[in-house]
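Structure data follow from coords_4.cif (mmCIF, C-alpha atoms and all ligand atoms):
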```
data_run
loop_
_atom_site.label_atom_id
_atom_site.label_comp_id
_atom_site.auth_asym_id
_atom_site.auth_seq_id
_atom_site.Cartn_x
_atom_site.Cartn_y
_atom_site.Cartn_z
CA MET A 292 98.15 121.16 71.83
CA GLU A 293 98.32 119.15 75.01
CA VAL A 294 95.74 116.85 76.49
CA LYS A 295 95.72 115.49 80.00
CA ALA A 296 93.65 112.48 81.13
CA ARG A 297 93.11 111.02 84.56
CA ALA A 298 91.61 107.74 85.72
CA PRO A 299 91.02 106.46 89.26
CA GLY A 300 92.19 103.36 91.07
CA LYS A 301 89.70 101.08 92.77
CA ILE A 302 88.91 98.82 95.67
CA ILE A 303 87.18 95.49 95.18
CA LEU A 304 84.67 95.05 97.99
CA THR A 305 83.90 91.43 97.07
CA GLY A 306 84.57 89.03 94.21
CA GLU A 307 88.21 89.39 93.08
CA HIS A 308 89.57 86.33 91.25
CA ALA A 309 86.15 84.65 91.22
CA VAL A 310 85.11 87.41 88.77
CA VAL A 311 87.70 86.06 86.30
CA HIS A 312 85.73 82.78 86.41
CA GLY A 313 82.30 84.32 85.87
CA SER A 314 81.21 85.28 89.41
CA THR A 315 79.79 88.66 90.38
CA ALA A 316 82.09 91.26 91.95
CA VAL A 317 81.40 94.64 93.57
CA ALA A 318 84.00 97.41 93.22
CA ALA A 319 84.26 101.15 93.72
CA SER A 320 86.60 103.83 92.43
CA ILE A 321 88.86 105.66 94.91
CA ASP A 322 90.07 109.23 94.78
CA LEU A 323 93.65 108.34 93.85
CA CYS A 324 94.37 108.68 90.16
CA THR A 325 96.85 108.04 87.38
CA TYR A 326 97.48 111.04 85.10
CA VAL A 327 98.65 110.88 81.49
CA SER A 328 99.58 113.93 79.46
CA LEU A 329 100.10 113.74 75.71
CA ARG A 330 101.85 116.38 73.63
CA PHE A 331 102.84 116.41 69.95
CA PRO A 332 105.99 118.23 68.85
CA THR A 333 105.61 121.24 66.55
CA LEU A 334 107.21 121.17 63.10
CA SER A 335 109.98 123.45 64.30
CA ASP A 336 110.89 120.94 67.05
CA ASN A 337 112.02 118.61 64.27
CA ASP A 338 111.53 115.68 66.65
CA ASP A 339 110.86 112.20 65.30
CA THR A 340 110.65 110.32 68.58
CA LEU A 341 107.95 108.68 70.66
CA ARG A 342 108.75 109.24 74.34
CA LEU A 343 107.20 107.69 77.45
CA GLN A 344 108.19 109.38 80.70
CA LEU A 345 107.28 107.59 83.95
CA LYS A 346 107.87 110.56 86.22
CA ASP A 347 107.40 108.84 89.62
CA MET A 348 109.76 106.08 88.59
CA ALA A 349 112.33 108.52 87.14
CA LEU A 350 112.32 106.52 83.90
CA GLU A 351 112.15 107.66 80.29
CA PHE A 352 111.75 105.36 77.30
CA SER A 353 112.13 106.57 73.74
CA TRP A 354 111.82 105.03 70.30
CA SER A 355 112.53 106.70 66.98
CA ILE A 356 109.49 106.58 64.70
CA SER A 357 111.52 105.00 61.89
CA LYS A 358 112.60 102.23 64.26
CA LEU A 359 109.00 101.57 65.33
CA LYS A 360 107.88 101.41 61.69
CA ALA A 361 110.62 98.93 60.83
CA ALA A 362 110.11 96.78 63.93
CA LEU A 363 106.32 96.68 63.80
CA PRO A 364 105.45 96.40 60.10
CA ASP A 365 101.93 95.11 60.80
CA LEU A 366 101.02 97.81 63.31
CA GLY A 367 100.55 101.53 63.15
CA PHE A 368 97.50 101.67 60.94
CA PRO A 369 95.06 103.59 63.01
CA PHE A 370 92.39 102.63 63.68
CA SER A 371 89.42 101.11 63.92
CA SER A 372 86.46 101.93 66.00
CA THR A 373 86.68 98.31 67.09
CA PRO A 374 89.48 97.71 69.56
CA THR A 375 91.67 94.79 68.59
CA SER A 376 93.69 92.33 70.67
CA CYS A 377 97.44 92.13 70.50
CA CYS A 378 98.45 88.76 68.99
CA ILE A 379 101.33 86.68 70.37
CA GLU A 380 103.65 87.63 67.47
CA SER A 381 103.09 91.37 68.03
CA LEU A 382 103.54 90.89 71.78
CA LYS A 383 106.97 89.39 71.15
CA LEU A 384 107.96 92.28 68.87
CA LEU A 385 106.80 94.80 71.48
CA ALA A 386 108.76 92.96 74.19
CA VAL A 387 111.96 93.30 72.10
CA LEU A 388 111.41 97.06 71.71
CA VAL A 389 110.88 97.37 75.47
CA GLU A 390 113.85 95.16 76.34
CA GLU A 391 116.14 97.47 74.35
CA GLN A 392 115.26 100.24 76.81
CA ASN A 393 117.28 98.44 79.51
CA ILE A 394 114.82 98.79 82.37
CA PRO A 395 116.69 98.30 85.68
CA GLU A 396 116.04 94.84 87.17
CA GLU A 397 114.20 96.19 90.24
CA LYS A 398 111.70 97.96 87.95
CA ILE A 399 111.30 95.18 85.39
CA GLY A 400 107.57 94.85 86.23
CA LEU A 401 107.09 98.08 84.26
CA ALA A 402 108.03 96.29 81.03
CA SER A 403 104.46 94.98 80.57
CA GLY A 404 103.15 98.53 81.11
CA ALA A 405 105.55 99.80 78.42
CA SER A 406 104.37 97.06 76.00
CA ALA A 407 100.74 98.00 76.69
CA PHE A 408 101.69 101.62 75.97
CA LEU A 409 103.26 100.79 72.60
CA TRP A 410 100.27 98.66 71.62
CA LEU A 411 97.64 101.24 72.56
CA TYR A 412 99.61 104.13 71.08
CA SER A 413 100.33 102.50 67.72
CA SER A 414 96.80 101.04 67.43
CA ILE A 415 95.01 104.30 68.21
CA LEU A 416 97.28 106.99 66.79
CA GLY A 417 99.65 105.08 64.52
CA PHE A 418 103.32 106.07 64.35
CA LYS A 419 103.43 109.72 65.29
CA PRO A 420 106.07 111.47 67.35
CA ALA A 421 104.85 112.56 70.78
CA THR A 422 105.77 112.84 74.44
CA VAL A 423 103.60 111.01 76.94
CA VAL A 424 104.11 111.77 80.62
CA VAL A 425 102.65 109.52 83.32
CA THR A 426 102.32 110.23 87.04
CA SER A 427 100.29 108.33 89.60
CA GLU A 428 98.98 108.74 93.13
CA LEU A 429 98.46 104.97 93.31
CA PRO A 430 100.92 102.47 94.71
CA ILE A 431 101.95 100.28 91.75
CA GLY A 432 101.28 96.54 91.99
CA SER A 433 99.42 96.69 95.32
CA GLY A 434 95.87 95.70 94.42
CA LEU A 435 94.46 99.20 93.91
CA GLY A 436 94.22 98.82 90.14
CA SER A 437 97.21 100.88 88.98
CA SER A 438 97.44 98.78 85.81
CA ALA A 439 93.84 99.54 84.86
CA ALA A 440 94.10 103.24 85.78
CA PHE A 441 97.21 103.46 83.57
CA CYS A 442 95.45 101.78 80.62
CA VAL A 443 92.28 103.88 81.04
CA ALA A 444 94.07 107.23 81.40
CA LEU A 445 96.38 106.42 78.47
CA SER A 446 93.52 105.28 76.20
CA ALA A 447 91.53 108.39 77.15
CA ALA A 448 94.39 110.73 76.19
CA LEU A 449 95.01 108.88 72.91
CA LEU A 450 91.34 108.62 71.94
CA ALA A 451 90.89 112.36 72.53
CA PHE A 452 92.95 112.86 69.35
CA SER A 453 91.21 110.15 67.34
CA ASP A 454 88.32 110.67 64.94
CA SER A 455 86.00 108.46 67.00
CA PHE A 456 85.74 110.93 69.84
CA ASN A 457 83.64 113.99 69.46
CA LEU A 458 84.77 116.26 72.28
CA ASP A 459 84.33 119.91 73.09
CA LEU A 460 87.95 121.10 72.75
CA SER A 461 87.07 124.52 74.19
CA HIS A 462 85.87 123.02 77.50
CA GLN A 463 87.71 124.47 80.50
CA GLY A 464 88.79 122.09 83.26
CA TRP A 465 88.06 118.37 83.60
CA LEU A 466 85.53 116.94 81.16
CA VAL A 467 83.50 113.76 81.74
CA PHE A 468 82.97 111.50 78.70
CA GLY A 469 79.63 110.62 77.12
CA GLU A 470 78.27 107.06 77.10
CA ASN A 471 79.59 106.08 73.63
CA GLU A 472 83.04 107.43 74.42
CA LEU A 473 83.10 105.59 77.75
CA GLU A 474 82.23 102.31 76.07
CA LEU A 475 84.98 102.60 73.45
CA LEU A 476 87.52 103.81 76.01
CA ASN A 477 86.74 100.88 78.29
CA LYS A 478 87.22 98.40 75.45
CA TRP A 479 90.63 99.80 74.52
CA ALA A 480 91.75 99.89 78.15
CA PHE A 481 90.75 96.24 78.47
CA GLU A 482 93.09 95.40 75.57
CA GLY A 483 95.90 97.11 77.48
CA GLU A 484 95.02 95.24 80.69
CA LYS A 485 95.23 91.96 78.75
CA ILE A 486 98.87 92.73 77.93
CA ILE A 487 99.65 93.44 81.60
CA HIS A 488 97.46 90.80 83.32
CA GLY A 489 97.16 87.97 80.80
CA ARG A 490 93.55 87.14 81.64
CA PRO A 491 91.77 90.11 83.22
CA SER A 492 88.06 90.00 83.99
CA GLY A 493 87.56 93.61 82.84
CA LEU A 494 86.37 94.66 86.31
CA ASP A 495 89.27 97.03 87.06
CA ASN A 496 89.23 98.92 83.75
CA THR A 497 85.43 99.18 83.92
CA VAL A 498 85.35 100.73 87.40
CA SER A 499 88.23 103.04 86.49
CA THR A 500 86.41 104.14 83.32
CA TYR A 501 82.94 104.63 84.82
CA GLY A 502 83.82 105.51 88.42
CA ASN A 503 81.47 105.25 91.44
CA MET A 504 80.38 101.77 92.48
CA ILE A 505 79.61 98.90 90.13
CA LYS A 506 78.49 95.31 90.15
CA PHE A 507 80.26 93.35 87.43
CA ARG A 508 79.73 89.88 86.00
CA SER A 509 81.02 88.29 82.76
CA GLY A 510 81.83 91.61 81.12
CA ASN A 511 78.54 93.29 82.09
CA LEU A 512 78.33 96.17 84.48
CA THR A 513 75.45 97.38 86.62
CA ARG A 514 75.90 100.78 88.21
CA ILE A 515 75.12 100.77 91.92
CA LYS A 516 73.45 103.91 93.17
CA SER A 517 73.83 104.19 96.90
CA THR A 518 74.07 106.86 99.55
CA MET A 519 75.47 104.43 102.14
CA PRO A 520 78.48 106.09 103.81
CA LEU A 521 81.04 103.29 103.45
CA LYS A 522 84.37 104.01 105.09
CA MET A 523 87.30 101.69 104.53
CA LEU A 524 90.80 101.76 105.90
CA ILE A 525 93.26 100.63 103.24
CA THR A 526 96.41 98.97 104.54
CA ASN A 527 99.27 98.40 102.14
CA THR A 528 101.33 95.45 103.38
CA LYS A 529 104.06 96.66 100.98
CA VAL A 530 104.64 93.03 100.01
CA GLY A 531 105.14 93.09 96.25
CA ARG A 532 103.18 90.75 94.04
CA ASN A 533 102.11 90.35 90.49
CA THR A 534 98.47 90.08 89.42
CA ARG A 535 99.27 88.01 86.32
CA ALA A 536 100.99 85.27 88.39
CA LEU A 537 98.25 85.20 91.06
CA VAL A 538 95.44 84.98 88.48
CA ALA A 539 97.32 82.16 86.71
CA GLY A 540 97.73 80.35 90.07
CA VAL A 541 93.97 80.39 90.69
CA SER A 542 93.32 79.07 87.18
CA GLU A 543 95.77 76.20 87.77
CA ARG A 544 94.05 75.32 91.06
CA THR A 545 90.72 75.38 89.19
CA LEU A 546 92.07 72.90 86.65
CA ARG A 547 93.20 70.58 89.46
CA HIS A 548 89.95 70.82 91.48
CA PRO A 549 87.19 71.93 89.10
CA ASN A 550 84.21 70.92 91.24
CA ALA A 551 85.50 72.29 94.53
CA MET A 552 86.54 75.57 92.90
CA ALA A 553 83.19 75.90 91.12
CA SER A 554 81.53 75.77 94.55
CA VAL A 555 83.95 78.41 95.87
CA PHE A 556 83.20 80.72 92.91
CA ASN A 557 79.49 80.11 93.35
CA ALA A 558 79.68 81.10 97.01
CA VAL A 559 81.54 84.31 96.08
CA ASP A 560 78.83 85.11 93.56
CA SER A 561 76.15 84.87 96.28
CA ILE A 562 78.26 87.04 98.61
CA SER A 563 78.59 89.81 96.00
CA GLU A 564 74.89 89.67 95.14
CA GLU A 565 73.96 89.97 98.82
CA LEU A 566 76.44 92.79 99.38
CA SER A 567 75.05 94.83 96.51
CA THR A 568 71.48 94.29 97.73
CA ILE A 569 72.42 95.55 101.21
CA ILE A 570 74.25 98.60 99.87
CA GLN A 571 71.39 99.49 97.52
CA SER A 572 68.72 99.04 100.20
CA TYR A 573 70.28 101.82 102.32
CA ALA A 574 68.09 104.89 102.64
CA PRO A 575 69.47 108.24 103.90
CA ASP A 576 69.68 108.27 107.73
CA ASP A 577 68.75 104.59 107.74
CA PRO A 578 68.26 103.56 111.41
CA SER A 579 69.47 100.05 110.54
CA ILE A 580 72.93 101.21 109.42
CA THR A 581 74.72 99.24 112.16
CA GLU A 582 72.85 96.08 111.26
CA LYS A 583 73.78 96.59 107.59
CA GLU A 584 77.42 97.22 108.47
CA GLU A 585 77.51 94.01 110.54
CA LYS A 586 76.15 92.05 107.59
CA ILE A 587 78.77 93.61 105.28
CA GLU A 588 81.50 92.70 107.76
CA GLU A 589 80.30 89.11 107.83
CA LEU A 590 80.26 88.96 104.03
CA MET A 591 83.79 90.40 103.88
CA GLU A 592 84.95 87.79 106.39
CA MET A 593 83.38 84.99 104.34
CA ASN A 594 84.92 86.34 101.13
CA GLN A 595 88.36 86.46 102.76
CA GLY A 596 87.96 82.79 103.80
CA LEU A 597 87.15 81.86 100.20
CA LEU A 598 90.14 83.86 98.92
CA GLN A 599 92.26 81.74 101.27
CA CYS A 600 90.70 78.66 99.61
CA MET A 601 91.83 80.06 96.26
CA GLY A 602 95.40 80.32 97.59
CA VAL A 603 95.83 84.08 97.28
CA SER A 604 96.17 85.18 100.90
CA HIS A 605 99.60 85.82 102.44
CA ALA A 606 101.23 85.91 105.90
CA SER A 607 101.29 89.74 105.74
CA ILE A 608 97.56 89.83 104.96
CA GLU A 609 96.82 87.41 107.84
CA ASN A 610 98.84 89.71 110.08
CA VAL A 611 96.62 92.68 109.15
CA LEU A 612 93.48 90.55 109.74
CA ARG A 613 94.68 89.52 113.22
CA THR A 614 95.72 93.06 114.14
CA THR A 615 92.42 94.66 113.13
CA LEU A 616 90.42 91.86 114.79
CA LYS A 617 91.96 92.87 118.15
CA TYR A 618 89.88 96.04 117.72
CA LYS A 619 86.83 94.00 116.59
CA LEU A 620 87.33 95.22 113.03
CA ILE A 621 86.90 92.97 109.99
CA SER A 622 89.24 92.98 107.02
CA LYS A 623 89.74 91.27 103.69
CA LEU A 624 92.36 91.48 100.98
CA THR A 625 91.51 93.60 97.95
CA GLY A 626 92.77 93.08 94.40
CA ALA A 627 94.89 90.08 93.54
CA GLY A 628 96.22 89.40 97.07
CA GLY A 629 99.54 87.63 97.72
CA GLY A 630 100.54 90.81 99.65
CA GLY A 631 99.33 94.19 98.42
CA CYS A 632 96.40 95.95 100.08
CA VAL A 633 93.83 94.96 102.71
CA LEU A 634 90.46 96.64 103.37
CA THR A 635 89.06 97.16 106.86
CA LEU A 636 85.49 98.36 107.31
CA LEU A 637 85.31 101.34 109.65
CA PRO A 638 81.74 101.36 111.01
CA THR A 639 80.03 104.77 111.25
CA LEU A 640 79.85 104.66 115.06
CA LEU A 641 83.52 103.71 115.50
CA SER A 642 85.40 106.30 117.53
CA GLY A 643 88.31 108.20 116.03
CA THR A 644 90.49 107.03 118.93
CA VAL A 645 90.08 103.39 117.93
CA VAL A 646 90.94 104.23 114.32
CA ASP A 647 94.09 106.06 115.49
CA LYS A 648 95.10 103.08 117.64
CA VAL A 649 94.62 100.49 114.93
CA VAL A 650 96.45 102.64 112.37
CA SER A 651 99.34 103.15 114.74
CA GLU A 652 99.58 99.41 115.51
CA LEU A 653 99.45 98.52 111.79
CA GLU A 654 102.12 101.12 110.99
CA SER A 655 104.33 99.80 113.78
CA CYS A 656 104.30 96.45 111.88
CA GLY A 657 105.75 98.30 108.86
CA PHE A 658 102.46 98.57 106.97
CA GLN A 659 101.20 101.80 105.41
CA CYS A 660 97.62 102.95 106.02
CA LEU A 661 95.58 105.20 103.77
CA THR A 662 92.03 106.41 103.88
CA ALA A 663 90.81 107.12 100.39
CA GLY A 664 87.45 108.56 99.38
CA ILE A 665 85.29 105.82 97.88
CA GLY A 666 83.26 106.28 94.69
CA GLY A 667 83.92 109.31 92.57
CA ASN A 668 84.28 110.21 88.92
CA GLY A 669 85.73 107.80 86.42
CA ALA A 670 87.97 108.81 83.52
CA GLU A 671 88.16 112.51 82.66
CA ILE A 672 90.03 114.66 80.21
CA CYS A 673 91.34 118.20 80.16
CA PHE A 674 92.56 120.18 77.14
CA GLY A 675 95.37 122.66 77.28
CA GLY A 676 97.06 120.90 80.21
CA SER A 677 96.22 123.68 82.64
CA SER A 678 94.49 121.60 85.39
N1 LIG B 701 101.96 104.50 86.16
C1 LIG B 701 102.35 103.40 85.49
N2 LIG B 701 103.28 103.46 84.52
C2 LIG B 701 103.66 102.35 83.85
N3 LIG B 701 103.20 101.11 84.09
C3 LIG B 701 102.27 100.99 85.04
C4 LIG B 701 101.80 102.12 85.79
N4 LIG B 701 100.89 101.69 86.67
C5 LIG B 701 100.81 100.34 86.48
N5 LIG B 701 101.62 99.92 85.51
C6 LIG B 701 101.80 98.52 85.04
O1 LIG B 701 100.95 97.69 85.82
C7 LIG B 701 101.71 96.77 86.62
C8 LIG B 701 101.07 96.58 87.98
O2 LIG B 701 99.81 95.99 87.77
P1 LIG B 701 99.22 94.86 88.70
O3 LIG B 701 100.21 93.79 88.99
O4 LIG B 701 97.96 94.47 88.06
O5 LIG B 701 98.89 95.62 90.08
P2 LIG B 701 97.82 96.76 90.38
O6 LIG B 701 96.96 96.87 89.17
O7 LIG B 701 97.05 96.23 91.54
O8 LIG B 701 98.56 97.96 90.76
C9 LIG B 701 103.09 97.40 86.70
O9 LIG B 701 104.09 96.44 86.95
C10 LIG B 701 103.22 98.05 85.31
O10 LIG B 701 103.57 97.10 84.33
C1 LIG B 702 92.35 89.42 90.76
C2 LIG B 702 91.49 90.34 89.91
O1 LIG B 702 90.11 90.04 90.18
C3 LIG B 702 91.70 91.83 90.28
C4 LIG B 702 93.14 92.27 90.18
O2 LIG B 702 93.29 93.60 90.65
P1 LIG B 702 94.73 94.26 90.86
O3 LIG B 702 95.45 94.20 89.55
O4 LIG B 702 95.45 93.46 91.91
O5 LIG B 702 94.47 95.68 91.29
C5 LIG B 702 91.78 90.09 88.45
C6 LIG B 702 90.75 90.63 87.48
O6 LIG B 702 89.57 90.80 87.85
O7 LIG B 702 91.11 90.83 86.32
MG MG B 703 96.09 95.37 87.99
#
```

Turn the structure described in the file into structure tokens.
Amino acid sequence: MEVKARAPGKIILTGEHAVVHGSTAVAASIDLCTYVSLRFPTLSDNDDTLRLQLKDMALEFSWSISKLKAALPDLGFPFSSTPTSCCIESLKLLAVLVEEQNIPEEKIGLASGASAFLWLYSSILGFKPATVVVTSELPIGSGLGSSAAFCVALSAALLAFSDSFNLDLSHQGWLVFGENELELLNKWAFEGEKIIHGRPSGLDNTVSTYGNMIKFRSGNLTRIKSTMPLKMLITNTKVGRNTRALVAGVSERTLRHPNAMASVFNAVDSISEELSTIIQSYAPDDPSITEKEEKIEELMEMNQGLLQCMGVSHASIENVLRTTLKYKLISKLTGAGGGGCVLTLLPTLLSGTVVDKVVSELESCGFQCLTAGIGGNGAEICFGGSS
């Protein structure tokens, strides 16, 4: 029996970083996904190994089940309908198991993903031999939420085999989860994100789980229903960065300047609230679409200024902002910043020629442009591995 799960990446329209400190953020899923397939060996395979294959990275990790049992004596007792956090002691034990896999230095960022894998796997399914294969359409570590999509898709595949999920195994094609399943899945994925990010807000795993567009504040989500045709150009600066370090940097700045940063976070909160009001007030064929787009652009510009105040912009991001501004287009970083991806609003009346020109100028700077569909399904599952 094989199960395949997929979960989308995301863009944050407003509110990254501030959301970690209790402000509102608005985010939407994109139609680029991470896929996880899970297969158990048959008795005749006589295989006692847990394997994690990261296909795009050409990496395979494997642990014998007896080794996992010996190394993690306190883990492997599935499970709990209540997701649990990985304590510091277990984190250290997981890190040793990952270190033994000798990940090449240039791919060492994947170590936290491998630790999150071992934690989620052993907590949800215990110590059982299996092969887990991961592929992704998302650039890794670029602000499009690959870490959350990985944790959501992985948790979805694992939970499909747990007693807590009541799924129709005969369903053909991709299956959307029910509300109770989504809630549990989101909680487990958040535990994985904690291992990768240190102090995540929960925004990324929530939008990857539920899909579409959401408003998120202090762990609570509000689904945004909108027909507004939002088109964003996504530019990957290809400057590598690490969400954990950037989030920690903002927290340190907040400790140094608590009052000033509280005002910055407060301003971001108002920006996200206003953005969601504008998006939700759109009616089909709204004659005021241009006016609404101009307001969104202004809010994005203000949010970018506040992200600069938080210290998470980067020369490459500023370069994208300057380049798009030459074409009167407004941009802001998305995700943790420090490099990674930048969003540019493409107004509905903008001509295709201008888009082509701006893309070609950005690409001549060495950046990579993508246009992804915004808002679509969240996590889904497929039995039999045929899709
Ligand atoms: N497909 C994947 N396989 C294994 N680990 C992954 C995968 N996608 C993401 N990760 C983990 O998430 C990390 C990147 O997360 P992060 O720095 O938050 O950037 P982002 O979430 O914006 O892509 C990677 O270094 C790795 O540890
Ligand atoms: C910076 C932050 O707001 C988003 C991080 O997104 P990403 O990992 O860069 O895709 C952190 C968080 O909300 O947990
Ligand atoms: Mg991330």

Tell me which protein, DNA and RNA residues are within 9 Å of Lys516 in chain A, counting only C-alpha atoms, leaving out same-chain ones fewer than 6 positions away, and put them as a PDB file with C-alpha atoms, keeping the file's coordinate frame.
```
ATOM      1  CA  ASN A 503      81.470 105.250  91.440  1.00  0.00           C
ATOM      2  CA  MET A 504      80.380 101.770  92.480  1.00  0.00           C
ATOM      3  CA  ILE A 505      79.610  98.900  90.130  1.00  0.00           C
ATOM      4  CA  ILE A 570      74.250  98.600  99.870  1.00  0.00           C
ATOM      5  CA  GLN A 571      71.390  99.490  97.520  1.00  0.00           C
TER       6      GLN A 571
END
```

Please return as a JSON list (two decimals) with C-alpha atoms, in the frame of the given file the residues found within 6 Å of ligand LIG 702 (chain B), counting only C-alpha atoms and all ligand atoms.
```
[["chain", "number", "residue", "atom", "x", "y", "z"],
["A", 307, "GLU", "CA", 88.21, 89.39, 93.08],
["A", 308, "HIS", "CA", 89.57, 86.33, 91.25],
["A", 310, "VAL", "CA", 85.11, 87.41, 88.77],
["A", 311, "VAL", "CA", 87.70, 86.06, 86.30],
["A", 434, "GLY", "CA", 95.87, 95.70, 94.42],
["A", 435, "LEU", "CA", 94.46, 99.20, 93.91],
["A", 436, "GLY", "CA", 94.22, 98.82, 90.14],
["A", 491, "PRO", "CA", 91.77, 90.11, 83.22],
["A", 492, "SER", "CA", 88.06, 90.00, 83.99],
["A", 493, "GLY", "CA", 87.56, 93.61, 82.84],
["A", 494, "LEU", "CA", 86.37, 94.66, 86.31],
["A", 534, "THR", "CA", 98.47, 90.08, 89.42],
["A", 538, "VAL", "CA", 95.44, 84.98, 88.48],
["A", 626, "GLY", "CA", 92.77, 93.08, 94.40],
["A", 627, "ALA", "CA", 94.89, 90.08, 93.54]]
```

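If you measure from each of A:Glu428, A:Glu589, A:Asp454, A:Glu390 to ligand LIG 701 (chain B) using all atoms listed in the file, the closest one turns out to be A:Glu428.
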
TODO: In Å, rounded to a single decimal, give me how far CA of Gly306 in chain A is from CA of Ser561 in chain A.
DONE: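 Distance reported for this atom pair: 9.6 Å.
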
TODO: Set the cut-off to 10 Å, count all atoms listed in the file, and list whatever residues fall near ligand MG 703 (chain B) as a PyMOL selection string.
DONE: chain A and resi 300-301+431-442+484-485+487-488+491+494-496+533-535+626-627

Generate a file of the selected residues that holds C-alpha atoms, formatted as a compact mmCIF listing (two decimals), keeping the file's coordinate frame.
```
# COMPACT_ATOMS: atom_id res chain seq x y z
CA GLY A 300 92.19 103.36 91.07
CA LYS A 301 89.70 101.08 92.77
CA ILE A 431 101.95 100.28 91.75
CA GLY A 432 101.28 96.54 91.99
CA SER A 433 99.42 96.69 95.32
CA GLY A 434 95.87 95.70 94.42
CA LEU A 435 94.46 99.20 93.91
CA GLY A 436 94.22 98.82 90.14
CA SER A 437 97.21 100.88 88.98
CA SER A 438 97.44 98.78 85.81
CA ALA A 439 93.84 99.54 84.86
CA ALA A 440 94.10 103.24 85.78
CA PHE A 441 97.21 103.46 83.57
CA CYS A 442 95.45 101.78 80.62
CA GLU A 484 95.02 95.24 80.69
CA LYS A 485 95.23 91.96 78.75
CA ILE A 487 99.65 93.44 81.60
CA HIS A 488 97.46 90.80 83.32
CA PRO A 491 91.77 90.11 83.22
CA LEU A 494 86.37 94.66 86.31
CA ASP A 495 89.27 97.03 87.06
CA ASN A 496 89.23 98.92 83.75
CA ASN A 533 102.11 90.35 90.49
CA THR A 534 98.47 90.08 89.42
CA ARG A 535 99.27 88.01 86.32
CA GLY A 626 92.77 93.08 94.40
CA ALA A 627 94.89 90.08 93.54
```

Report as AutoDock Vina command-line options the centre and the edge lengths, in Å to one decimal, of the axis-aligned box holding every listed atom of ligand LIG 701 (chain B), padded by 8 Å on each side.
```
--center_x 100.5 --center_y 99.1 --center_z 87.7 --size_x 23.1 --size_y 26.7 --size_z 23.7
```

Any idea what's packed within 8 Å of Leu363 in chain A, counting all atoms listed in the file, ignoring anything in its chain fewer than 2 positions away? Could you give it as a PDB file with C-alpha atoms, in the frame of the given file?
```
ATOM      1  CA  LEU A 359     109.000 101.570  65.330  1.00  0.00           C
ATOM      2  CA  LYS A 360     107.880 101.410  61.690  1.00  0.00           C
ATOM      3  CA  ALA A 361     110.620  98.930  60.830  1.00  0.00           C
ATOM      4  CA  ASP A 365     101.930  95.110  60.800  1.00  0.00           C
ATOM      5  CA  LEU A 366     101.020  97.810  63.310  1.00  0.00           C
ATOM      6  CA  GLY A 367     100.550 101.530  63.150  1.00  0.00           C
ATOM      7  CA  SER A 381     103.090  91.370  68.030  1.00  0.00           C
ATOM      8  CA  LEU A 384     107.960  92.280  68.870  1.00  0.00           C
ATOM      9  CA  LEU A 385     106.800  94.800  71.480  1.00  0.00           C
TER      10      LEU A 385
END
```

Open item on the list: Under the rule that only C-alpha atoms are counted, which of A:Leu537, A:Thr497, A:Ser461, A:Glu565 is the nearest residue to Thr513 in chain A?
Closed with: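 For Thr513 in chain A, the nearest of the candidates is A:Thr497.
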
- [ ] May I have the protein, DNA and RNA residues with any atom at most 9 Å from the point (91.7, 98.8, 75.0), counting only C-alpha atoms, written as a list in words?
- [x] Pro374, Thr375, Ser376, Leu411, Cys442, Val443, Ser446, Leu475, Leu476, Asn477, Lys478, Trp479, Ala480, Phe481, Glu482, Gly483, Glu484 and Lys485 of chain A

Task: Shortest interatomic distance to ligand LIG 701 (chain B) - which of A:Ser335, A:Gly630, A:Leu466, A:Ser455, counting only C-alpha atoms and all ligand atoms - done: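 Result for the nearest residue to ligand LIG 701 (chain B): A:Gly630.
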
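Summary of the local environment: counting all atoms listed in the file, residues at most 8 Å from range 541-548 of chain A, other than itself and those fewer than 4 positions away along its chain, are A:His308, A:Leu537, A:Met552, A:Ala553, A:Met601, A:Gly602, A:Val603.
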
Selection export as a PDB file, in the coordinates of the input, atoms kept: C-alpha atoms:
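Ended up saving to selection-v7.pdb:
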```
ATOM      1  CA  HIS A 308      89.570  86.330  91.250  1.00  0.00           C
ATOM      2  CA  LEU A 537      98.250  85.200  91.060  1.00  0.00           C
ATOM      3  CA  MET A 552      86.540  75.570  92.900  1.00  0.00           C
ATOM      4  CA  ALA A 553      83.190  75.900  91.120  1.00  0.00           C
ATOM      5  CA  MET A 601      91.830  80.060  96.260  1.00  0.00           C
ATOM      6  CA  GLY A 602      95.400  80.320  97.590  1.00  0.00           C
ATOM      7  CA  VAL A 603      95.830  84.080  97.280  1.00  0.00           C
TER       8      VAL A 603
END
```

- [ ] In Å, rounded to a single decimal, give me how far CA of Lys529 in chain A is from CA of Leu641 in chain A.
- [x] 26.1 Å

- [ ] For range 316-332 of chain A, list every protein, DNA or RNA residue within 8 Å, evaluated using all atoms listed in the file, and leave out those in the same chain fewer than 4 positions away; present the list as JSON, numbers by chain.
- [x] {"A": [292, 293, 294, 295, 296, 297, 298, 299, 300, 301, 302, 303, 304, 305, 306, 307, 309, 310, 336, 337, 338, 420, 421, 422, 423, 424, 425, 426, 427, 428, 429, 437, 440, 441, 444, 445, 448, 449, 494, 498, 499, 502, 503, 504, 505, 506, 507, 508, 560, 563, 566, 567, 663, 664, 665, 666, 667, 668, 669, 676]}

TODO: Figure out the distance between CA of Ala451 in chain A and atom C1 of ligand LIG 701 (chain B), please, to one decimal in Å.
DONE: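 We find that atom C1 of ligand LIG 701 (chain B) and CA of Ala451 in chain A lie 19.5 Å from each other.
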
Task: Pick from A:Leu458, A:Leu590, A:Ile486, A:Gly629 nearest to Leu409 in chain A, counting only C-alpha atoms - done: A:Ile486
